[in-house]
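**Student:** Dropping in final_2.cif, with mmCIF, C-alpha atoms.
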```cif
data_start
loop_
_atom_site.group_PDB
_atom_site.id
_atom_site.type_symbol
_atom_site.label_atom_id
_atom_site.label_comp_id
_atom_site.auth_asym_id
_atom_site.auth_seq_id
_atom_site.Cartn_x
_atom_site.Cartn_y
_atom_site.Cartn_z
ATOM 1 C CA MET A 136 -4.165 27.051 17.963
ATOM 2 C CA GLU A 137 -7.323 28.755 16.810
ATOM 3 C CA PRO A 138 -10.416 28.147 18.980
ATOM 4 C CA TRP A 139 -12.074 26.118 16.205
ATOM 5 C CA MET A 140 -9.112 23.742 16.173
ATOM 6 C CA MET A 141 -9.901 22.642 19.722
ATOM 7 C CA GLN A 142 -13.402 21.355 19.067
ATOM 8 C CA PRO A 143 -14.044 17.926 20.611
ATOM 9 C CA ILE A 144 -14.296 15.090 18.113
ATOM 10 C CA THR A 145 -16.376 12.144 19.238
ATOM 11 C CA PHE A 146 -18.007 9.041 17.809
ATOM 12 C CA SER A 147 -21.016 7.101 19.039
ATOM 13 C CA ALA A 148 -22.780 3.851 18.226
ATOM 14 C CA LYS A 149 -25.170 5.843 16.045
ATOM 15 C CA ASP A 150 -22.269 6.644 13.707
ATOM 16 C CA VAL A 151 -21.697 2.998 12.793
ATOM 17 C CA PRO A 152 -23.158 2.208 9.341
ATOM 18 C CA SER A 153 -26.345 0.230 9.891
ATOM 19 C CA ASN A 154 -25.359 -2.491 7.424
ATOM 20 C CA VAL A 155 -21.887 -3.123 8.900
ATOM 21 C CA GLN A 156 -22.516 -3.409 12.624
ATOM 22 C CA ALA A 157 -19.872 -6.090 13.168
ATOM 23 C CA HIS A 158 -16.879 -5.768 10.877
ATOM 24 C CA GLY A 159 -13.121 -5.497 10.697
ATOM 25 C CA ASP A 160 -12.966 -3.518 7.491
ATOM 26 C CA PRO A 161 -10.373 -0.773 6.976
ATOM 27 C CA LEU A 162 -11.390 2.847 6.425
ATOM 28 C CA VAL A 163 -11.273 3.557 2.691
ATOM 29 C CA ILE A 164 -12.258 7.027 1.493
ATOM 30 C CA THR A 165 -12.316 9.172 -1.647
ATOM 31 C CA LEU A 166 -10.545 12.541 -1.830
ATOM 32 C CA LEU A 167 -9.233 14.884 -4.473
ATOM 33 C CA ILE A 168 -5.516 14.846 -5.186
ATOM 34 C CA GLU A 169 -5.192 18.029 -7.186
ATOM 35 C CA GLU A 170 -8.165 17.805 -9.577
ATOM 36 C CA TRP A 171 -8.246 14.006 -9.664
ATOM 37 C CA GLY A 172 -10.844 12.121 -7.686
ATOM 38 C CA VAL A 173 -8.877 9.294 -6.106
ATOM 39 C CA LYS A 174 -10.922 6.415 -4.742
ATOM 40 C CA ARG A 175 -9.701 3.622 -2.499
ATOM 41 C CA ILE A 176 -7.492 5.774 -0.252
ATOM 42 C CA LEU A 177 -6.589 3.720 2.792
ATOM 43 C CA MET A 178 -6.488 5.556 6.115
ATOM 44 C CA ASP A 179 -3.680 3.788 7.948
ATOM 45 C CA ILE A 180 -2.561 5.099 11.342
ATOM 46 C CA GLY A 181 0.173 2.451 11.267
ATOM 47 C CA SER A 182 1.858 4.034 8.255
ATOM 48 C CA SER A 183 4.620 6.565 8.895
ATOM 49 C CA VAL A 184 4.540 7.875 5.309
ATOM 50 C CA GLU A 185 1.900 8.899 2.787
ATOM 51 C CA VAL A 186 1.994 6.617 -0.235
ATOM 52 C CA LEU A 187 0.868 7.198 -3.802
ATOM 53 C CA PHE A 188 1.030 4.021 -5.836
ATOM 54 C CA TYR A 189 2.711 4.311 -9.207
ATOM 55 C CA ASP A 190 -0.344 3.088 -11.133
ATOM 56 C CA THR A 191 -2.320 5.983 -9.630
ATOM 57 C CA PHE A 192 0.559 8.352 -10.350
ATOM 58 C CA LYS A 193 0.467 7.384 -14.035
ATOM 59 C CA ARG A 194 -3.333 7.557 -14.184
ATOM 60 C CA MET A 195 -3.063 11.142 -12.972
ATOM 61 C CA GLU A 196 -0.894 11.771 -16.060
ATOM 62 C CA LEU A 197 2.076 12.852 -13.971
ATOM 63 C CA SER A 198 5.629 12.648 -15.289
ATOM 64 C CA ASN A 199 8.590 10.989 -13.592
ATOM 65 C CA ASP A 200 10.448 14.276 -14.136
ATOM 66 C CA ILE A 201 8.618 15.834 -11.171
ATOM 67 C CA LEU A 202 9.734 13.112 -8.754
ATOM 68 C CA ILE A 203 12.243 14.073 -6.095
ATOM 69 C CA PRO A 204 14.676 11.253 -5.179
ATOM 70 C CA SER A 205 13.984 9.476 -1.889
ATOM 71 C CA THR A 206 16.734 8.657 0.585
ATOM 72 C CA TYR A 207 14.904 5.899 2.455
ATOM 73 C CA ARG A 208 13.261 2.532 1.929
ATOM 74 C CA ILE A 209 9.812 1.335 2.874
ATOM 75 C CA TYR A 210 9.421 -1.870 4.872
ATOM 76 C CA GLY A 211 6.124 -3.671 4.480
ATOM 77 C CA PHE A 212 4.298 -5.661 7.137
ATOM 78 C CA ASN A 213 5.602 -8.905 5.641
ATOM 79 C CA GLY A 214 9.186 -7.647 5.786
ATOM 80 C CA THR A 215 9.498 -6.859 2.095
ATOM 81 C CA VAL A 216 11.633 -3.851 1.192
ATOM 82 C CA ASN A 217 10.586 -1.378 -1.489
ATOM 83 C CA VAL A 218 12.747 1.386 -2.896
ATOM 84 C CA PRO A 219 10.493 4.372 -3.729
ATOM 85 C CA LYS A 220 10.588 5.806 -7.221
ATOM 86 C CA GLY A 221 10.657 9.226 -5.571
ATOM 87 C CA GLU A 222 8.513 11.794 -3.812
ATOM 88 C CA VAL A 223 5.906 14.231 -5.077
ATOM 89 C CA THR A 224 3.957 16.967 -3.307
ATOM 90 C CA ARG A 225 0.316 17.448 -4.231
ATOM 91 C CA ARG A 226 -2.730 19.205 -2.811
ATOM 92 C CA VAL A 227 -5.274 16.964 -1.078
ATOM 93 C CA SER A 228 -8.812 18.257 -0.557
ATOM 94 C CA ASN A 229 -12.381 17.118 -0.110
ATOM 95 C CA GLY A 230 -13.721 19.471 -2.775
ATOM 96 C CA GLU A 231 -15.772 21.470 -0.277
ATOM 97 C CA GLY A 232 -13.111 23.819 1.045
ATOM 98 C CA TYR A 233 -12.960 22.351 4.561
ATOM 99 C CA LEU A 234 -9.961 20.140 3.882
ATOM 100 C CA ASP A 235 -7.095 21.499 1.832
ATOM 101 C CA THR A 236 -3.503 20.527 2.518
ATOM 102 C CA LEU A 237 -0.227 20.096 0.654
ATOM 103 C CA THR A 238 0.894 16.517 1.089
ATOM 104 C CA THR A 239 4.195 14.863 0.211
ATOM 105 C CA PHE A 240 3.641 11.369 -1.131
ATOM 106 C CA CYS A 241 6.150 8.586 -1.481
ATOM 107 C CA VAL A 242 5.598 7.038 -4.922
ATOM 108 C CA VAL A 243 5.941 3.252 -4.799
ATOM 109 C CA ASP A 244 5.736 0.852 -7.732
ATOM 110 C CA VAL A 245 4.083 -2.190 -6.160
ATOM 111 C CA VAL A 246 0.809 -3.990 -6.776
ATOM 112 C CA SER A 247 -1.891 -2.850 -4.355
ATOM 113 C CA PRO A 248 -5.689 -2.852 -4.230
ATOM 114 C CA TYR A 249 -5.466 0.722 -2.922
ATOM 115 C CA GLU A 250 -4.662 3.829 -4.923
ATOM 116 C CA ALA A 251 -3.024 5.743 -2.075
ATOM 117 C CA ILE A 252 -2.363 5.573 1.668
ATOM 118 C CA LEU A 253 -2.687 8.437 4.124
ATOM 119 C CA GLY A 254 -0.863 7.747 7.386
ATOM 120 C CA ARG A 255 -0.704 9.067 10.901
ATOM 121 C CA SER A 256 1.367 12.165 10.082
ATOM 122 C CA TRP A 257 -1.253 13.356 7.596
ATOM 123 C CA ILE A 258 -4.097 12.659 10.011
ATOM 124 C CA ALA A 259 -2.245 14.508 12.772
ATOM 125 C CA GLY A 260 -1.530 17.379 10.381
ATOM 126 C CA ILE A 261 -5.232 18.016 9.811
ATOM 127 C CA LYS A 262 -5.911 17.434 13.539
ATOM 128 C CA GLY A 263 -8.277 14.700 12.502
ATOM 129 C CA VAL A 264 -9.450 11.430 13.987
ATOM 130 C CA SER A 265 -10.147 8.356 11.877
ATOM 131 C CA SER A 266 -12.303 5.455 12.989
ATOM 132 C CA ALA A 267 -12.396 2.316 10.877
ATOM 133 C CA TYR A 268 -15.196 0.914 13.030
ATOM 134 C CA HIS A 269 -17.375 3.981 12.465
ATOM 135 C CA GLN A 270 -16.172 4.276 8.853
ATOM 136 C CA ARG A 271 -15.529 7.991 9.233
ATOM 137 C CA LEU A 272 -12.742 10.554 9.250
ATOM 138 C CA ARG A 273 -13.554 13.647 11.271
ATOM 139 C CA LEU A 274 -11.605 16.885 11.541
ATOM 140 C CA PRO A 275 -12.197 20.350 12.980
ATOM 141 C CA SER A 276 -12.889 23.302 10.708
ATOM 142 C CA TYR A 277 -13.877 26.936 11.173
ATOM 143 C CA ARG A 278 -17.445 25.856 10.344
ATOM 144 C CA GLY A 279 -17.554 22.977 12.809
ATOM 145 C CA VAL A 280 -16.501 19.351 12.743
ATOM 146 C CA VAL A 281 -16.306 18.016 9.183
ATOM 147 C CA GLU A 282 -16.436 14.347 8.281
ATOM 148 C CA VAL A 283 -15.457 12.236 5.308
ATOM 149 C CA LEU A 284 -17.388 8.999 5.037
ATOM 150 C CA GLY A 285 -15.773 5.709 4.239
ATOM 151 C CA ASN A 286 -16.997 3.370 1.543
ATOM 152 C CA PRO A 287 -17.582 -0.093 3.057
ATOM 153 C CA GLN A 288 -18.068 -1.670 -0.382
ATOM 154 C CA ASP A 289 -14.668 -0.401 -1.562
ATOM 155 C CA ALA A 290 -13.101 -1.584 1.693
ATOM 156 C CA ILE A 291 -14.477 -5.118 1.270
ATOM 157 C CA GLN A 292 -13.384 -5.278 -2.377
ATOM 158 C CA CYS A 293 -9.891 -4.064 -1.452
ATOM 159 C CA MET A 294 -9.589 -6.664 1.294
ATOM 160 C CA GLN A 295 -10.681 -9.460 -1.040
ATOM 161 C CA LEU A 296 -8.294 -8.295 -3.753
ATOM 162 C CA ASP A 297 -5.477 -7.981 -1.208
ATOM 163 C CA ILE A 298 -6.056 -11.579 -0.073
ATOM 164 C CA GLN A 299 -6.050 -12.742 -3.699
ATOM 165 C CA GLN A 300 -2.851 -10.823 -4.506
ATOM 166 C CA ASN A 301 -1.113 -12.182 -1.409
ATOM 167 C CA GLU A 302 -2.086 -15.736 -2.334
ATOM 168 C CA GLU A 303 -0.825 -15.238 -5.892
ATOM 169 C CA ARG A 304 2.431 -13.822 -4.524
ATOM 170 C CA ARG A 305 2.864 -16.780 -2.169
ATOM 171 C CA SER A 306 2.137 -19.217 -5.017
ATOM 172 C CA ARG A 307 4.702 -17.475 -7.204
ATOM 173 C CA GLN A 308 7.255 -17.600 -4.402
ATOM 174 C CA ARG A 309 6.579 -21.326 -3.903
ATOM 175 C CA ARG A 310 7.029 -21.977 -7.635
ATOM 176 C CA GLU A 311 10.276 -20.010 -7.682
ATOM 177 C CA LYS A 312 11.497 -21.859 -4.593
ATOM 178 C CA ASN A 313 10.644 -25.259 -6.103
ATOM 179 C CA LYS A 314 12.306 -24.296 -9.384
ATOM 180 C CA ALA A 315 15.457 -23.202 -7.547
ATOM 181 C CA LYS A 316 15.406 -26.479 -5.625
ATOM 182 C CA GLU A 317 15.076 -28.464 -8.862
ATOM 183 C CA ILE A 318 17.973 -26.558 -10.413
ATOM 184 C CA LYS A 319 20.128 -27.176 -7.358
ATOM 185 C CA THR A 320 19.229 -30.890 -7.344
ATOM 186 C CA GLY A 321 20.078 -31.118 -11.048
ATOM 187 C CA GLU A 322 23.415 -29.413 -10.493
ATOM 188 C CA GLU A 323 24.256 -31.764 -7.603
ATOM 189 C CA LEU A 324 23.266 -34.804 -9.690
ATOM 190 C CA GLU A 325 25.381 -33.584 -12.593
ATOM 191 C CA LYS A 326 28.304 -33.107 -10.218
ATOM 192 C CA VAL A 327 27.932 -36.648 -8.828
ATOM 193 C CA LEU A 328 27.731 -38.134 -12.336
ATOM 194 C CA SER A 329 30.764 -36.140 -13.433
ATOM 195 C CA GLN A 330 32.727 -37.398 -10.438
ATOM 196 C CA ALA A 331 31.631 -41.001 -11.129
ATOM 197 C CA ILE A 332 32.643 -40.762 -14.781
ATOM 198 C CA THR A 333 35.987 -39.259 -13.836
ATOM 199 C CA ALA A 334 36.584 -42.015 -11.271
ATOM 200 C CA TYR A 335 35.639 -44.703 -13.825
ATOM 201 C CA GLU A 336 37.924 -43.275 -16.488
ATOM 202 C CA THR A 337 40.745 -42.961 -13.967
ATOM 203 C CA GLY A 338 40.245 -46.614 -12.937
ATOM 204 C CA GLU A 339 40.392 -47.804 -16.559
ATOM 205 C CA LYS A 340 43.638 -45.942 -17.149
ATOM 206 C CA GLU A 341 45.188 -47.537 -14.061
ATOM 207 C CA ILE A 342 44.208 -51.027 -15.304
ATOM 208 C CA LEU A 343 45.735 -50.362 -18.693
#
```
Any chance you could put this one into structure tokens?

**Tutor:**
Amino acid sequence: MEPWMMQPITFSAKDVPSNVQAHGDPLVITLLIEEWGVKRILMDIGSSVEVLFYDTFKRMELSNDILIPSTYRIYGFNGTVNVPKGEVTRRVSNGEGYLDTLTTFCVVDVVSPYEAILGRSWIAGIKGVSSAYHQRLRLPSYRGVVEVLGNPQDAIQCMQLDIQQNEERRSRQRREKNKAKEIKTGEELEKVLSQAITAYETGEKEIL
């Protein structure tokens, strides 16, 4: 541990954005992944892995050939299971030289309002502290404590889009469930009719 790594990192009420005094918005920041400016990066201390969504991966003009196979699955908050397309290691920086780290991302092909997720292992790796309430990520550097500001507007848009996507997913699931129920009902009705016809034909033969 270098002395500069042990600088205290604190937040105060003065750090809260003046226009978002009372909020529950996530911390959404912009960083460079290699030379690409990636917006809508969710800082999620509840995530055990760093995630790069496949749409972002393609926008960065990366090829599937560089993906390393993953041996695990990702379980979402709603219990859904996603099999990663693979892993890729890329340099993450803030463009100012104070934050520069190689990060292994899990590439996941799911719909998300975010472009990437940085979890608790990444935050711990830079010895940083994130505060969604203060909308800031702070980390020690040899030139003092550095901060990356969140974008409240992006956070609100992501939350609204996430709500919309979840509602569309639930509606799709309801339609699929109703369709499956209709198919099952039709199959049961067809079975009953078939049995009735068979019984009727059998009865006629017995009379004859």

**Student:** Determine the residue set returned by the PyMOL selection byres ((chain A and resi 283-288) around 8) for the present structure, and present it as a ChimeraX atom specification.

**Tutor:** /A:155,160,162-165,229,270-273,281-282,289-292

**Student:** Once the PyMOL selection byres ((chain A and resi 146) around 10) is applied to the coordinates I shared, what remains selected? I want it as a ChimeraX atom specification.

**Tutor:** /A:144-145,147-151,264-266,268-269,271,273

**Student:** With C-alpha atoms kept, could you save the residues just selected as a compact mmCIF listing (two decimals), in the coordinates of the input?

**Tutor:**
```txt
# COMPACT_ATOMS: atom_id res chain seq x y z
CA ILE A 144 -14.30 15.09 18.11
CA THR A 145 -16.38 12.14 19.24
CA SER A 147 -21.02 7.10 19.04
CA ALA A 148 -22.78 3.85 18.23
CA LYS A 149 -25.17 5.84 16.05
CA ASP A 150 -22.27 6.64 13.71
CA VAL A 151 -21.70 3.00 12.79
CA VAL A 264 -9.45 11.43 13.99
CA SER A 265 -10.15 8.36 11.88
CA SER A 266 -12.30 5.46 12.99
CA TYR A 268 -15.20 0.91 13.03
CA HIS A 269 -17.38 3.98 12.46
CA ARG A 271 -15.53 7.99 9.23
CA ARG A 273 -13.55 13.65 11.27
```

**Student:** Given only C-alpha atoms as the basis, pick out the residue of A:Val218, A:Met195, A:Ile298, A:Cys293 nearest to Tyr249 of chain A.

**Tutor:**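 Ranking A:Val218, A:Met195, A:Ile298, A:Cys293 by distance to Tyr249 of chain A, first place goes to A:Cys293.
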
**Student:** Just the residues within 7 Å of segment 219-226 of chain A, please, counting only C-alpha atoms, with nothing from its chain fewer than 3 positions along; format it as a list in words.

**Tutor:**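 Contacts, in chain order: Ile168, Glu169, Ile201, Leu202, Ile203, Pro204, Ser205, Arg208, Asp235, Thr236, Leu237, Thr238, Thr239, Phe240, Cys241, Val242, Val243 and Asp244 of chain A.
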
**Student:** Do a neighbour search on segment 252-254 of chain A at 6 Å with all atoms listed in the file, toss out local chain neighbours closer than 4 positions, and write the hits as a PyMOL selection string.

**Tutor:** chain A and resi 176-180+182-186

**Student:** Which residue gives the smallest distance to Phe192 of chain A among A:Gly159, A:Thr206, A:Trp171, A:Tyr277, with all atoms listed in the file counted?

**Tutor:**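 Residue with the minimum atom-to-atom distance to Phe192 of chain A: A:Trp171.
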
**Student:** What is the atom CA of Lys316 of chain A-atom CA of Val246 of chain A distance in Å, reported with one decimal?

**Tutor:**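 So the two atoms, atom CA of Lys316 of chain A and atom CA of Val246 of chain A, lie 26.8 Å apart.
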
**Student:** Work out how far atom CA of Glu170 of chain A is from atom CA of Val227 of chain A, in Å to one decimal.

**Tutor:**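 According to the coordinates, atom CA of Val227 of chain A and atom CA of Glu170 of chain A are separated by 9.0 Å.
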
**Student:** Give me, as an MDAnalysis selection string, all polymer residues having an atom no more than 9 Å from Pro143 of chain A, counting all atoms listed in the file and skipping those fewer than 2 positions away in the same chain.

**Tutor:** chainID A and resid 140:141 145 275 280

**Student:** Using atom CA of Arg278 of chain A and atom CA of Trp257 of chain A as the two end points, give the distance in Å to one decimal.

**Tutor:**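 If I compute the distance from atom CA of Arg278 of chain A to atom CA of Trp257 of chain A, I get 20.6 Å.
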
**Student:** Counting only C-alpha atoms, give me one row per residue of segment 156-260 of chain A with an atom at most 12 Å from an atom of segment 304-308 of chain A, showing the shortest contact pair and its distance in Å to one decimal, sorted by chain then residue number, as JSON lines.

**Tutor:**
```
{"residue": "A:Asn213", "atom": "CA", "partner": "A:Arg305", "partner_atom": "CA", "distance": 11.4}
{"residue": "A:Thr215", "atom": "CA", "partner": "A:Arg304", "partner_atom": "CA", "distance": 11.9}
{"residue": "A:Val245", "atom": "CA", "partner": "A:Arg304", "partner_atom": "CA", "distance": 11.9}
{"residue": "A:Val246", "atom": "CA", "partner": "A:Arg304", "partner_atom": "CA", "distance": 10.2}
{"residue": "A:Ser247", "atom": "CA", "partner": "A:Arg304", "partner_atom": "CA", "distance": 11.8}
```

**Student:** Hey, can you pull every residue with an atom no more than 7 Å from (-2.1, 1.3, -5.8), using only C-alpha atoms, and send it as a PyMOL selection string?

**Tutor:** chain A and resi 187-191+246-251

**Student:** What are the centre and the three edge lengths of an axis-aligned box that wraps all atoms of segment 278-296 of chain A in the file, given that 5 Å is added to every side, written as JSON and rounded to one decimal in Å?

**Tutor:**
```
{"center_x": -13.2, "center_y": 8.2, "center_z": 4.5, "size_x": 19.8, "size_y": 45.3, "size_z": 26.6}
```
